[in-house]
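Enquirer: Below you'll find the structure I mean.
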Amino acid sequence: MRTLVIGAAGQIGAFTVQDLVEHGKADVIGADRKLEPLKHAMTDVKMGDKIAMVELDAENRADLVKAIKGERIDTVVNCAWYQTNLGVMDACVKAGAHYTDLGGLFDTTLKQLEHNNEWKDAGLNATIGLGSTPGLTNVAAAAGAAKLEKVDTINIYCSWGNTLPLKEAGWPGYSIRTALDEFTQEPVMWLNGRHAKQPVLSGETQVTMEPPVGKVLAYYVKHSEPATLGQFIGKDCRNVTFRIGFPETDLATFKTLRSLGFNDTEGIQFGETKISPLDYLTAMHHRGIARIRHEAPPSEEYEYDAFKIDVFGTYKETSAIVTYNIITWNDPENGVPSSRDTSAPPAVAACWQSAGKIKDAGVFPPEATVSPDEFFREMGKRKIRVEERFTETRRFY
């Protein structure tokens, strides 16, 4: 199995490489736009002498095709920004490699699905949006739906945080560019059997999640789960919603960044140099991640990602709820952060594609191709905890 990881210098890409080597025993080639940051990232995750590295731009399709063919790549994991997904997918289908990524923030996801026939004709599989969310959340929703006769509503909640005495502002375990898009683009939910736009950060609701999260205010955020789950789950599913319960400090930080215009792509002049606020913020974010990798790993669990997926429907003609609680703490023993819940899923998918465990040719979201129980067992090997609860309402009159 030969796997190409694009965006391998990023905070998710680096740990995807590590997972593929240590758990998947894969022959991995790490790729990024610049070789030096990639070398530093691979050294930090102790992969520097275990993989090959190449300088490769995710937006250069010709070079991607050449690299995939030249290196005889079986599977490609795209950990770069979601706006590269379509181009990398196109290169993969032309070069004859399977594909997976971390998500398309709704609009890109729908555009990716439009290429299903092309991938089916090529006999290749593209399982898209398989990180933590989307990804783990989709698989959990599908697992819950499979236990019910009919599905009415799927509500998905995400949060993160730490147990440090001093609650400093942090950042999510994914692209800062995606986080800014989530704060500026109108979310789209699946409501009453159709897609419906909602105001940014609307849908405020209080949800109780597993400890240490507890009660948190959660808001609608643009995401890929509502783009696909309603149609692919079937069973008369009428509603699919996605909300994030931001830690208070992070919520304030992102609102400030949005107000200052850090999501702007138009360049600002600095003397003789011109740079966009978004590119500047991205560079600062990458620098911060690199600095953290150089620090000694903490000796205790202190930071986490958490998800709750509620699947409402009927079972034996009575109301029932299947709930999945997923939590990942940093792994102090191996020095791996909680964000491995985003890096591990695409690594597993790449291994399954290569081994023929994901057989269907075409373009699919994870709820259509990933076997839940086996997948959750793989997550358990990585200390990503998935718990299922089935609640049935019974009437005796």
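By convention in this document, the chains of the structure tokens carry letters A, B, ... by their order, each chain's residues are numbered from 1, and ligands are numbered from 1 in the order they are shown.
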Considering only strand (DSSP E or B) as DSSP defines it on the backbone, what residues of range 51-254 of chain A qualify? List them as JSON, numbers by chain.
Expert: {"A": [52, 53, 54, 55, 75, 76, 77, 78, 98, 99, 100, 101, 125, 126, 127, 131, 135, 150, 151, 152, 153, 154, 155, 156, 157, 158, 159, 160, 161, 162, 188, 189, 190, 191, 194, 195, 196, 197, 205, 206, 207, 208, 209, 214, 215, 216, 217, 218, 219, 220, 239, 240, 241, 242, 243, 244, 245]}
Enquirer: Name the residues in contact with His40 in chain A at a cut-off of 9 Å, using only C-alpha atoms, excluding same-chain residues fewer than 5 positions from it; report them as a PyMOL selection string.
Expert: chain A and resi 9+35+45+48+290
Enquirer: Would you mind listing what lies within 10 Å of Phe262 in chain A as an mmCIF file with N, CA and C atoms, in the first residue's frame, with only C-alpha atoms counted and same-chain residues fewer than 4 positions away left out?
Expert:
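Dumped everything to selection.cif:
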```cif
data_model
loop_
_atom_site.group_PDB
_atom_site.id
_atom_site.type_symbol
_atom_site.label_atom_id
_atom_site.label_comp_id
_atom_site.auth_asym_id
_atom_site.auth_seq_id
_atom_site.Cartn_x
_atom_site.Cartn_y
_atom_site.Cartn_z
ATOM 1 N N ARG A 177 -8.554 28.558 8.540
ATOM 2 C CA ARG A 177 -9.299 29.124 7.412
ATOM 3 C C ARG A 177 -10.730 28.588 7.403
ATOM 4 N N LEU A 180 -12.773 30.294 10.167
ATOM 5 C CA LEU A 180 -13.245 31.629 9.790
ATOM 6 C C LEU A 180 -14.406 31.544 8.810
ATOM 7 N N PHE A 254 -12.837 34.122 17.929
ATOM 8 C CA PHE A 254 -13.252 34.017 16.531
ATOM 9 C C PHE A 254 -14.131 35.198 16.111
ATOM 10 N N THR A 256 -13.892 38.189 17.314
ATOM 11 C CA THR A 256 -12.974 39.323 17.158
ATOM 12 C C THR A 256 -12.225 39.237 15.839
ATOM 13 N N LEU A 257 -11.718 38.063 15.502
ATOM 14 C CA LEU A 257 -11.014 37.885 14.231
ATOM 15 C C LEU A 257 -11.921 38.217 13.052
ATOM 16 N N ARG A 258 -13.182 37.799 13.156
ATOM 17 C CA ARG A 258 -14.145 38.112 12.090
ATOM 18 C C ARG A 258 -14.382 39.622 12.008
ATOM 19 N N SER A 276 -2.830 39.136 2.221
ATOM 20 C CA SER A 276 -4.216 39.153 2.686
ATOM 21 C C SER A 276 -4.259 38.823 4.176
ATOM 22 N N PRO A 277 -5.226 39.389 4.905
ATOM 23 C CA PRO A 277 -5.356 39.065 6.335
ATOM 24 C C PRO A 277 -5.517 37.564 6.578
ATOM 25 N N LEU A 278 -6.250 36.863 5.684
ATOM 26 C CA LEU A 278 -6.450 35.429 5.867
ATOM 27 C C LEU A 278 -5.146 34.653 5.694
ATOM 28 N N ASP A 279 -4.338 35.031 4.722
ATOM 29 C CA ASP A 279 -3.046 34.361 4.536
ATOM 30 C C ASP A 279 -2.123 34.618 5.727
ATOM 31 N N TYR A 280 -2.168 35.858 6.241
ATOM 32 C CA TYR A 280 -1.341 36.196 7.407
ATOM 33 C C TYR A 280 -1.763 35.368 8.620
ATOM 34 N N LEU A 281 -3.082 35.286 8.861
ATOM 35 C CA LEU A 281 -3.588 34.514 9.991
ATOM 36 C C LEU A 281 -3.218 33.037 9.839
ATOM 37 N N THR A 282 -3.309 32.523 8.624
ATOM 38 C CA THR A 282 -2.957 31.124 8.365
ATOM 39 C C THR A 282 -1.489 30.864 8.695
#
```
Enquirer: Under the rule of at most 9 Å, produce a per-residue listing of range 168-260 of chain A near range 90-110 of chain A: chain, number, name, the closest pair of atoms, and the distance in Å, as a Markdown table, using only C-alpha atoms.
Expert:
```
| residue | atom | partner | partner_atom | distance |
| --- | --- | --- | --- | --- |
| A:Thr178 | CA | A:Leu105 | CA | 7.9 |
| A:Asp181 | CA | A:Leu105 | CA | 8.6 |
| A:Glu182 | CA | A:Leu105 | CA | 8.3 |
| A:Pro187 | CA | A:Phe106 | CA | 8.6 |
| A:Val188 | CA | A:Phe106 | CA | 7.8 |
| A:Lys222 | CA | A:Leu105 | CA | 6.5 |
| A:His223 | CA | A:Leu105 | CA | 4.8 |
| A:Ser224 | CA | A:Phe106 | CA | 4.2 |
| A:Glu225 | CA | A:Phe106 | CA | 7.6 |
| A:Pro226 | CA | A:Phe106 | CA | 7.6 |
| A:Ala227 | CA | A:Phe106 | CA | 5.5 |
| A:Thr228 | CA | A:Leu110 | CA | 8.0 |
```
Enquirer: As a list in words, please: the residues near Thr43 in chain A (cut-off 12 Å, only C-alpha atoms, same-chain neighbours under 6 positions excluded).
Expert: Ala8, Ala9, Ala14, Phe15, Val17, Gln18, Glu36, Pro37, Asp49, Lys50, Ile51, Met53, Ala290, Arg293 and His294 of chain A
Enquirer: Name the residues in contact with Ala142 in chain A at a cut-off of 9 Å, using only C-alpha atoms, excluding same-chain residues fewer than 6 positions from it; report them as a list in words.
Expert: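 The filter keeps Leu229, Phe232, Ile233, Val311, Pro366, Glu367, Ala368 and Pro372 of chain A.
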Enquirer: Which residues of range 174-275 of chain A come within 12 Å of range 325-330 of chain A, and for each one, what is the closest pair of atoms and their distance in Å to one decimal, counting only C-alpha atoms, sorted by chain and residue number, as a tab-separated table?
Expert:
```
residue	atom	partner	partner_atom	distance
A:Thr208	CA	A:Asn325	CA	11.0
A:Met209	CA	A:Asn325	CA	7.9
A:Glu210	CA	A:Asn325	CA	7.0
A:Pro211	CA	A:Ile327	CA	9.3
A:Pro212	CA	A:Ile327	CA	9.7
A:Val213	CA	A:Ile327	CA	10.0
```
Enquirer: Of the candidates A:Val54, A:Leu38, A:Val370, A:Met1, which shows the shortest atom-to-atom distance to Ala349 in chain A, using only C-alpha atoms?
Expert: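 Ranking A:Val54, A:Leu38, A:Val370, A:Met1 by distance to Ala349 in chain A, first place goes to A:Val370.
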